[in-house]
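Data from my_file25.cif: mmCIF, C-alpha atoms
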data_start
loop_
_atom_site.label_atom_id
_atom_site.label_comp_id
_atom_site.auth_asym_id
_atom_site.auth_seq_id
_atom_site.Cartn_x
_atom_site.Cartn_y
_atom_site.Cartn_z
CA MET A 17 103.15 42.72 143.85
CA VAL A 18 100.77 44.31 141.35
CA THR A 19 101.06 45.49 137.79
CA ARG A 20 99.77 48.67 136.32
CA PRO A 21 99.88 50.09 132.84
CA SER A 22 103.10 51.76 131.84
CA THR A 23 103.22 55.49 131.36
CA SER A 24 105.59 54.72 128.54
CA THR A 25 104.72 54.42 124.90
CA LYS A 26 102.33 51.69 123.88
CA GLN A 27 105.10 49.34 122.75
CA ASN A 28 106.31 48.94 126.30
CA LYS A 29 105.31 46.14 128.62
CA PRO A 30 103.30 46.91 131.74
CA ARG A 31 105.62 47.90 134.53
CA THR A 32 105.60 46.11 137.83
CA VAL A 33 105.53 47.97 141.09
CA VAL A 34 106.59 46.80 144.54
CA GLY A 35 104.05 49.09 146.13
CA ARG A 36 103.40 52.70 147.03
CA SER A 37 105.76 54.50 149.34
CA ALA A 38 104.13 56.45 152.12
CA VAL A 39 107.29 58.50 152.61
CA THR A 40 107.56 59.67 149.00
CA GLY A 41 103.93 59.42 147.96
CA ARG A 42 105.02 57.63 144.82
CA VAL A 43 105.05 54.06 143.55
CA VAL A 44 108.26 52.07 143.84
CA LEU A 45 109.14 50.08 140.75
CA THR A 46 110.31 46.49 140.84
CA PRO A 47 114.06 46.14 140.26
CA ALA A 48 115.06 44.90 136.83
CA SER A 49 117.68 42.43 138.03
CA LYS A 50 117.08 38.76 137.56
CA ASP A 51 116.25 36.97 140.80
CA SER A 52 114.93 40.23 142.22
CA THR A 53 111.61 38.58 143.15
CA ARG A 54 113.24 36.21 145.60
CA ALA A 55 115.56 38.91 146.96
CA LEU A 56 112.63 41.24 147.35
CA LYS A 57 110.66 38.75 149.42
CA ARG A 58 113.58 38.23 151.80
CA ALA A 59 114.32 41.94 151.98
CA SER A 60 110.69 42.84 152.66
CA GLU A 61 110.59 40.46 155.60
CA ALA A 62 113.86 41.76 157.03
CA VAL A 63 112.91 45.42 156.59
CA GLY A 64 109.58 44.74 158.25
CA ARG A 65 111.26 43.16 161.24
CA VAL A 66 113.77 46.03 161.59
CA LEU A 67 111.28 48.85 161.15
CA HIS A 68 108.83 47.25 163.54
CA GLY A 69 111.41 46.38 166.15
CA LYS A 70 111.28 42.66 165.69
CA ALA A 71 114.69 42.08 164.13
CA LYS A 72 116.57 38.93 164.97
CA PRO A 73 119.08 39.42 167.79
CA LEU B 29 113.50 46.77 107.95
CA VAL B 30 114.00 46.46 111.70
CA ALA B 31 111.66 48.24 114.10
CA ALA B 32 113.38 50.74 116.35
CA PRO B 33 113.58 49.48 119.94
CA ALA B 34 111.11 50.99 122.39
CA THR B 35 112.51 52.81 125.38
CA SER B 36 111.01 52.78 128.83
CA GLN B 37 110.37 56.21 130.28
CA ASP B 38 110.95 54.73 133.71
CA ASP B 39 114.34 53.19 133.05
CA VAL B 40 117.60 54.99 133.76
CA PHE B 41 120.85 53.54 132.47
CA ILE B 42 123.61 54.02 135.02
CA ASN B 43 127.09 54.05 133.54
CA CYS B 44 129.54 54.43 136.38
CA PRO B 45 132.49 52.78 138.12
CA PHE B 46 131.64 49.73 140.20
CA ASP B 47 134.68 49.90 142.46
CA GLU B 48 134.70 50.12 146.23
CA ASP B 49 135.59 53.82 146.35
CA TYR B 50 132.64 54.77 144.16
CA GLN B 51 130.15 52.53 145.96
CA PRO B 52 128.72 55.25 148.28
CA THR B 53 127.90 57.39 145.24
CA PHE B 54 126.50 54.45 143.30
CA ARG B 55 124.28 53.45 146.21
CA ALA B 56 123.02 57.02 146.63
CA LEU B 57 122.09 57.11 142.94
CA ILE B 58 120.25 53.78 143.14
CA PHE B 59 118.26 55.00 146.15
CA THR B 60 117.42 58.28 144.41
CA LEU B 61 116.08 56.57 141.31
CA PHE B 62 113.81 54.22 143.24
CA ALA B 63 112.63 57.06 145.53
CA CYS B 64 111.67 59.06 142.43
CA SER B 65 109.75 56.12 140.85
CA PHE B 66 112.40 55.35 138.27
CA ARG B 67 114.18 52.05 137.73
CA PRO B 68 117.96 51.82 137.59
CA ARG B 69 119.47 49.69 134.86
CA SER B 70 123.14 48.79 134.87
CA ALA B 71 125.60 46.18 133.74
CA LEU B 72 125.38 44.66 137.23
CA GLU B 73 121.96 43.22 136.46
CA LEU B 74 123.34 41.20 133.55
CA ASP B 75 124.22 37.57 134.08
CA ASP B 76 123.26 35.92 130.82
CA GLY B 77 126.27 33.93 129.70
CA GLY B 78 124.78 33.48 126.24
CA GLN B 79 125.44 37.07 125.18
CA THR B 80 128.62 39.05 124.88
CA ARG B 81 128.93 41.91 127.31
CA ILE B 82 128.75 44.53 124.58
CA ASP B 83 125.51 43.01 123.26
CA LYS B 84 124.05 43.14 126.74
CA LEU B 85 125.04 46.76 127.13
CA LEU B 86 123.61 47.67 123.74
CA GLY B 87 120.32 46.07 124.75
CA LEU B 88 120.25 47.93 128.06
CA ILE B 89 121.05 51.24 126.43
CA ALA B 90 118.35 50.76 123.82
CA GLU B 91 115.73 50.17 126.51
CA CYS B 92 116.44 53.27 128.61
CA ARG B 93 115.02 56.73 128.02
CA TYR B 94 117.43 58.27 130.50
CA GLY B 95 121.15 57.81 131.10
CA ILE B 96 123.42 58.90 133.92
CA HIS B 97 127.09 58.69 133.00
CA ASP B 98 129.81 59.31 135.54
CA LEU B 99 133.27 59.95 134.13
CA SER B 100 134.97 60.07 137.53
CA ARG B 101 137.41 57.25 136.85
CA THR B 102 139.86 58.74 134.40
CA GLU B 103 142.93 58.46 136.57
CA LEU B 104 145.42 55.69 135.93
CA ASP B 105 144.79 52.37 137.57
CA PRO B 106 147.48 51.98 140.28
CA ILE B 107 148.11 48.36 139.30
CA ASN B 108 148.07 48.55 135.51
CA ALA B 109 148.89 52.27 135.07
CA LEU B 110 146.08 52.46 132.51
CA PRO B 111 142.83 54.45 132.58
CA ARG B 112 139.37 52.88 132.61
CA PHE B 113 137.72 53.27 129.21
CA ASN B 114 134.42 51.53 129.86
CA MET B 115 132.54 54.64 130.99
CA PRO B 116 133.53 56.80 128.00
CA LEU B 117 132.80 53.87 125.68
CA GLU B 118 129.30 53.37 127.10
CA LEU B 119 128.64 57.12 126.97
CA GLY B 120 129.63 57.00 123.31
CA LEU B 121 127.25 54.11 122.66
CA TYR B 122 124.46 56.00 124.39
CA LEU B 123 125.08 59.20 122.43
CA GLY B 124 125.27 57.15 119.23
CA ALA B 125 121.91 55.52 119.95
CA LYS B 126 120.42 58.94 120.60
CA HIS B 127 121.89 60.40 117.43
CA TYR B 128 121.36 57.60 114.95
CA GLY B 129 118.31 55.86 116.44
CA GLY B 130 114.68 56.31 115.54
CA ARG B 131 112.20 58.66 117.16
CA GLU B 132 112.19 56.82 120.49
CA GLN B 133 115.97 56.74 120.70
CA LYS B 134 116.29 60.39 119.80
CA ALA B 135 114.16 61.18 122.86
CA LYS B 136 116.92 59.90 125.11
CA ARG B 137 118.21 62.31 127.75
CA VAL B 138 121.67 62.22 129.26
CA LEU B 139 123.29 63.45 132.47
CA ILE B 140 127.08 63.49 132.52
CA LEU B 141 128.73 63.66 135.92
CA ASP B 142 132.34 64.17 136.88
CA VAL B 143 134.19 65.16 140.02
CA GLU B 144 135.02 68.55 138.44
CA ARG B 145 132.91 70.39 135.91
CA TYR B 146 135.56 71.23 133.31
CA ARG B 147 138.00 68.40 133.85
CA TYR B 148 136.58 66.54 130.82
CA GLN B 149 138.21 69.14 128.55
CA ARG B 150 141.55 67.52 129.33
CA PHE B 151 140.60 63.94 128.49
CA VAL B 152 137.47 63.94 126.29
CA SER B 153 137.33 67.38 124.74
CA ASP B 154 134.87 66.22 122.06
CA LEU B 155 132.17 66.63 124.73
CA ALA B 156 132.69 70.39 124.55
CA GLY B 157 129.36 72.17 124.57
CA MET B 158 127.62 69.53 126.63
CA ASP B 159 126.59 70.37 130.16
CA ILE B 160 128.77 68.40 132.58
CA HIS B 161 127.69 68.37 136.22
CA GLU B 162 130.22 68.09 139.01
CA HIS B 163 129.64 66.20 142.24
CA GLY B 164 133.07 66.60 143.80
CA GLY B 165 133.10 62.91 144.72
CA GLU B 166 130.30 63.57 147.22
CA PRO B 167 127.47 60.99 147.16
CA LEU B 168 124.85 63.46 148.42
CA MET B 169 125.83 65.95 145.73
CA ALA B 170 125.46 63.24 143.09
CA LEU B 171 122.05 62.40 144.61
CA ARG B 172 120.98 66.05 144.26
CA LYS B 173 122.29 66.34 140.70
CA ALA B 174 120.48 63.17 139.63
CA ARG B 175 117.19 64.14 141.29
CA ASP B 176 117.18 67.68 139.93
CA TRP B 177 118.09 66.51 136.44
CA LEU B 178 115.35 63.85 136.42
CA ALA B 179 112.78 66.40 137.59
CA ASN B 180 113.85 68.66 134.74
CA VAL B 181 113.94 66.18 131.87
CA SER B 182 111.00 63.99 132.91
CA ARG B 183 108.69 66.88 133.89
CA ARG B 184 107.40 64.74 136.75
CA ALA B 185 106.65 66.03 140.24
CA LEU B 186 109.40 64.38 142.27
CA PRO B 187 110.21 64.55 145.98
CA SER B 188 112.64 67.39 146.61
CA ALA B 189 116.38 66.77 146.78
CA GLU B 190 116.25 67.71 150.45
CA LYS B 191 113.57 65.10 151.10
CA VAL B 192 115.37 62.38 149.16
CA THR B 193 118.55 63.23 151.08
CA ARG B 194 116.80 62.95 154.45
CA LEU B 195 115.22 59.65 153.45
CA TYR B 196 118.53 58.30 152.23
CA GLN B 197 120.21 59.18 155.51
CA ALA B 198 117.39 57.46 157.42
CA PHE B 199 117.78 54.44 155.16
CA LEU B 200 121.53 54.34 155.80
CA ALA B 201 120.85 54.38 159.52
CA ASP B 202 118.61 51.31 159.18
CA LEU B 203 120.83 49.45 156.71
CA PRO B 204 123.22 47.80 159.22
CA ALA B 205 120.31 46.25 161.12
CA ILE B 206 118.66 45.09 157.89
CA ALA B 207 121.94 43.62 156.67
CA ALA B 208 122.40 41.82 159.98
CA ASP B 209 118.86 40.43 159.82
CA LEU B 210 119.63 39.10 156.34
CA GLU B 211 122.90 37.67 157.70
CA PHE B 212 125.19 39.82 155.56
CA ALA B 213 128.36 40.21 157.59
CA ASP B 214 129.23 43.59 156.08
CA PRO B 215 126.60 46.13 154.92
CA ASP B 216 129.16 47.49 152.45
CA ARG B 217 129.38 44.14 150.69
CA ILE B 218 125.71 43.50 150.04
CA PRO B 219 125.32 42.22 146.47
CA TYR B 220 123.65 44.56 144.00
CA VAL B 221 120.47 42.47 143.58
CA ASP B 222 119.96 42.37 147.34
CA TYR B 223 120.75 46.07 147.75
CA GLU B 224 118.08 46.97 145.18
CA ALA B 225 115.60 44.74 146.99
CA ILE B 226 116.40 46.29 150.37
CA VAL B 227 116.01 49.82 149.01
CA THR B 228 112.65 49.13 147.42
CA ALA B 229 111.35 47.20 150.44
CA TRP B 230 112.45 50.02 152.76
CA LEU B 231 110.78 52.69 150.64
CA VAL B 232 107.51 50.77 150.70
CA SER B 233 107.67 49.94 154.40
CA ALA B 234 108.96 53.20 155.90
CA GLU B 235 106.29 55.20 157.60
CA PRO B 236 105.52 58.91 157.35
CA GLY B 237 107.63 60.84 159.82
CA THR B 238 110.74 58.92 158.84
CA ALA B 239 113.58 61.42 158.62
CA GLY B 240 111.29 64.29 159.50
#
Transcribe the structure of this file into structure tokens.
Amino acid sequence: MVTRPSTSTKQNKPRTVVGRSAVTGRVVLTPASKDSTRALKRASEAVGRVLHGKAKP
Amino acid sequence: LVAAPATSQDDVFINCPFDEDYQPTFRALIFTLFACSFRPRSALELDDGGQTRIDKLLGLIAECRYGIHDLSRTELDPINALPRFNMPLELGLYLGAKHYGGREQKAKRVLILDVERYRYQRFVSDLAGMDIHEHGGEPLMALRKARDWLANVSRRALPSAEKVTRLYQAFLADLPAIAADLEFADPDRIPYVDYEAIVTAWLVSAEPGTAG
């Protein structure tokens, strides 16, 4: 997970991005929900397994 | 003197029903916002017991440059025979922030959705003159309305509505397997925090060629 400067006004905090999407060509922002970091780690692993054909039976 | 709250140009306040019937539309909107590099904000992300709900909502509204408000749920609740007032209330708060707030708040933009375009005249006629968009209760129509509106008000180059639709359908095809891998028994009952995480992880991991 990396941070980059916000495009918002200078009062805003830097926004966090999950990464860049190859299918949209755009960055994907980190969800605002609390506990999203932990959920994101689990989801990333599961999505990786499914998209790469290694999902649990 | 209190400084006016800053708004995030990436944050979109979603004011909509959270019931089971509306969930397909809600999920389509969440996917659309992440696919277009925005960040959805809604009451579902709030779990701080130290604040009243209205204070939490006021904070959320203050932070968002954009707001999508769906007035679909005006019919009477079958159990209580009363309408749901939360969506009109939150729309009123949003419009109040835009009207009375400082320069940042006045820059707020609002999309109002309903199942029919002119139905609002029968239950909230004070909105006369505002542009209400209808989605007919169709999630993919709501997706298109949200995407096209965001492209208009943000002036950003966004993926087309057709592309977002194709990607969303590809995502929906993968969702049952992802839910199973995460040991959610029912893909329709994935908690909001996990759904957001799955959407963002999928968008980052999906490879070109997905959905054509």
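Selection check: the PyMOL selection byres ((chain A) within 6 of (chain B)) on the shown file gives A:Ser24, A:Gly35, A:Arg36, A:Ser37, A:Ala38, A:Val39, A:Val43, A:Val44, A:Ser49, A:Ala55, A:Leu56, A:Ala59, A:Ser60, A:Ala62, A:Val63, A:Lys72.
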Would you save the residues from that selection as a compact mmCIF listing (two decimals), in the frame of the given file, using C-alpha atoms?
# COMPACT_ATOMS: atom_id res chain seq x y z
CA SER A 24 105.59 54.72 128.54
CA GLY A 35 104.05 49.09 146.13
CA ARG A 36 103.40 52.70 147.03
CA SER A 37 105.76 54.50 149.34
CA ALA A 38 104.13 56.45 152.12
CA VAL A 39 107.29 58.50 152.61
CA VAL A 43 105.05 54.06 143.55
CA VAL A 44 108.26 52.07 143.84
CA SER A 49 117.68 42.43 138.03
CA ALA A 55 115.56 38.91 146.96
CA LEU A 56 112.63 41.24 147.35
CA ALA A 59 114.32 41.94 151.98
CA SER A 60 110.69 42.84 152.66
CA ALA A 62 113.86 41.76 157.03
CA VAL A 63 112.91 45.42 156.59
CA LYS A 72 116.57 38.93 164.97
Who sits within 12 Å of Asn114 in chain B, only C-alpha atoms, same chain under 6 positions skipped, as number ranges by chain
B: 43-46, 71, 81-82, 85, 97-102, 120-121
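Nearest to Pro116 in chain B of all the residues B:Ala201, B:Ile140, B:Leu104, B:Leu171 is B:Ile140, counting only C-alpha atoms.
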Could you give me, as JSON lines, a per-residue list for range 35-145 of chain B showing, wherever an atom lies at most 8 Å from an atom of range 151-167 of chain B, the closest pair of atoms and their distance in Å to one decimal, using only C-alpha atoms and sorting by chain then residue number from low to high?
{"residue": "B:Pro52", "atom": "CA", "partner": "B:Pro167", "partner_atom": "CA", "distance": 6.0}
{"residue": "B:Thr53", "atom": "CA", "partner": "B:Pro167", "partner_atom": "CA", "distance": 4.1}
{"residue": "B:Phe54", "atom": "CA", "partner": "B:Pro167", "partner_atom": "CA", "distance": 7.7}
{"residue": "B:Ala56", "atom": "CA", "partner": "B:Pro167", "partner_atom": "CA", "distance": 6.0}
{"residue": "B:Leu57", "atom": "CA", "partner": "B:Pro167", "partner_atom": "CA", "distance": 7.9}
{"residue": "B:Ser100", "atom": "CA", "partner": "B:Gly165", "partner_atom": "CA", "distance": 8.0}
{"residue": "B:Thr102", "atom": "CA", "partner": "B:Phe151", "partner_atom": "CA", "distance": 7.9}
{"residue": "B:Leu139", "atom": "CA", "partner": "B:Ile160", "partner_atom": "CA", "distance": 7.4}
{"residue": "B:Ile140", "atom": "CA", "partner": "B:Ile160", "partner_atom": "CA", "distance": 5.2}
{"residue": "B:Leu141", "atom": "CA", "partner": "B:His161", "partner_atom": "CA", "distance": 4.8}
{"residue": "B:Asp142", "atom": "CA", "partner": "B:Glu162", "partner_atom": "CA", "distance": 4.9}
{"residue": "B:Val143", "atom": "CA", "partner": "B:Gly164", "partner_atom": "CA", "distance": 4.2}
{"residue": "B:Glu144", "atom": "CA", "partner": "B:Glu162", "partner_atom": "CA", "distance": 4.9}
{"residue": "B:Arg145", "atom": "CA", "partner": "B:Glu162", "partner_atom": "CA", "distance": 4.7}
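Between CA of Ile42 in chain B and CA of Gly95 in chain B lies a distance of 6.0 Å.
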Å distance separating CA of Lys173 in chain B from CA of Arg217 in chain B, one decimal place:
25.4 Å
Nearest to Ile89 in chain B: which of B:Phe41, B:Tyr50, B:Tyr128, B:Phe212 is it, counting only C-alpha atoms?
B:Phe41
Evaluate the PyMOL selection byres ((chain A and resi 45) around 6) and record the selected residues as a PyMOL selection string, following the chain and residue labels used in the document.
chain A and resi 33-34+44+46
Figure out the distance between CA of Asp216 in chain B and CA of Gln51 in chain B, please, to one decimal in Å.
8.3 Å
Quick one: axis-aligned box around all listed atoms of range 221-240 of chain B, 8 Å on every side, centre and edge lengths in Å to one decimal, written as lines of an AutoDock Vina configuration file.
center_x = 113.1
center_y = 53.3
center_z = 151.7
size_x = 31.2
size_y = 37.9
size_z = 32.2
Can you spit out range 30-42 of chain A with all heavy atoms, as a compact mmCIF listing (two decimals), in the first residue's frame, from the structure just given?
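Produced file decode19.txt, reproduced below:
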# COMPACT_ATOMS: atom_id res chain seq x y z
N PRO A 30 -2.96 13.25 2.73
CA PRO A 30 -2.64 12.44 1.55
C PRO A 30 -3.59 11.26 1.47
O PRO A 30 -3.96 10.67 2.48
CB PRO A 30 -1.22 11.96 1.84
CG PRO A 30 -0.69 12.89 2.85
CD PRO A 30 -1.86 13.35 3.66
N ARG A 31 -4.00 10.92 0.28
CA ARG A 31 -4.90 9.78 0.15
C ARG A 31 -4.07 8.52 -0.01
O ARG A 31 -2.95 8.55 -0.49
CB ARG A 31 -5.84 9.97 -1.02
CG ARG A 31 -5.17 9.98 -2.37
CD ARG A 31 -6.21 10.18 -3.45
NE ARG A 31 -5.58 10.14 -4.77
CZ ARG A 31 -6.28 10.18 -5.89
NH1 ARG A 31 -7.59 10.26 -5.87
NH2 ARG A 31 -5.67 10.14 -7.04
N THR A 32 -4.65 7.42 0.38
CA THR A 32 -3.97 6.14 0.29
C THR A 32 -4.57 5.35 -0.86
O THR A 32 -5.80 5.35 -1.02
CB THR A 32 -4.15 5.36 1.60
OG1 THR A 32 -3.77 6.20 2.67
CG2 THR A 32 -3.28 4.13 1.62
N VAL A 33 -3.73 4.70 -1.61
CA VAL A 33 -4.25 3.91 -2.71
C VAL A 33 -3.90 2.44 -2.49
O VAL A 33 -2.86 2.10 -1.94
CB VAL A 33 -3.70 4.39 -4.08
CG1 VAL A 33 -4.05 5.84 -4.31
CG2 VAL A 33 -2.22 4.16 -4.19
N VAL A 34 -4.79 1.57 -2.94
CA VAL A 34 -4.54 0.13 -2.88
C VAL A 34 -3.56 -0.25 -3.97
O VAL A 34 -2.70 -1.11 -3.80
CB VAL A 34 -5.87 -0.65 -3.04
CG1 VAL A 34 -5.62 -2.15 -3.03
CG2 VAL A 34 -6.85 -0.27 -1.94
N GLY A 35 -3.68 0.40 -5.10
CA GLY A 35 -2.80 0.11 -6.23
C GLY A 35 -3.41 0.67 -7.49
O GLY A 35 -4.42 1.37 -7.46
N ARG A 36 -2.79 0.36 -8.61
CA ARG A 36 -3.33 0.80 -9.90
C ARG A 36 -4.03 -0.38 -10.56
O ARG A 36 -3.53 -1.49 -10.55
CB ARG A 36 -2.20 1.31 -10.80
CG ARG A 36 -2.69 1.76 -12.18
CD ARG A 36 -1.61 2.49 -12.94
NE ARG A 36 -1.39 3.83 -12.40
CZ ARG A 36 -2.11 4.90 -12.72
NH1 ARG A 36 -3.13 4.79 -13.55
NH2 ARG A 36 -1.83 6.08 -12.20
N SER A 37 -5.18 -0.09 -11.12
CA SER A 37 -5.95 -1.14 -11.79
C SER A 37 -5.58 -1.20 -13.26
O SER A 37 -5.68 -0.21 -13.98
CB SER A 37 -7.44 -0.85 -11.65
OG SER A 37 -8.19 -1.73 -12.47
N ALA A 38 -5.17 -2.38 -13.69
CA ALA A 38 -4.83 -2.56 -15.10
C ALA A 38 -6.08 -2.52 -15.97
O ALA A 38 -6.01 -2.18 -17.14
CB ALA A 38 -4.09 -3.88 -15.31
N VAL A 39 -7.22 -2.88 -15.40
CA VAL A 39 -8.44 -2.94 -16.21
C VAL A 39 -9.12 -1.57 -16.38
O VAL A 39 -9.87 -1.36 -17.32
CB VAL A 39 -9.46 -3.96 -15.66
CG1 VAL A 39 -8.94 -5.37 -15.85
CG2 VAL A 39 -9.80 -3.68 -14.22
N THR A 40 -8.86 -0.65 -15.47
CA THR A 40 -9.42 0.69 -15.62
C THR A 40 -8.36 1.72 -15.98
O THR A 40 -8.68 2.80 -16.45
CB THR A 40 -10.12 1.17 -14.33
OG1 THR A 40 -9.14 1.32 -13.31
CG2 THR A 40 -11.19 0.19 -13.88
N GLY A 41 -7.09 1.39 -15.71
CA GLY A 41 -6.02 2.34 -15.95
C GLY A 41 -5.96 3.44 -14.91
O GLY A 41 -5.29 4.45 -15.10
N ARG A 42 -6.64 3.23 -13.81
CA ARG A 42 -6.71 4.27 -12.78
C ARG A 42 -6.32 3.68 -11.42
O ARG A 42 -6.38 2.47 -11.22
CB ARG A 42 -8.13 4.84 -12.68
CG ARG A 42 -8.63 5.46 -13.97
CD ARG A 42 -9.97 6.11 -13.75
NE ARG A 42 -9.88 7.16 -12.72
CZ ARG A 42 -9.55 8.43 -12.97
NH1 ARG A 42 -9.29 8.80 -14.19
NH2 ARG A 42 -9.49 9.30 -11.99
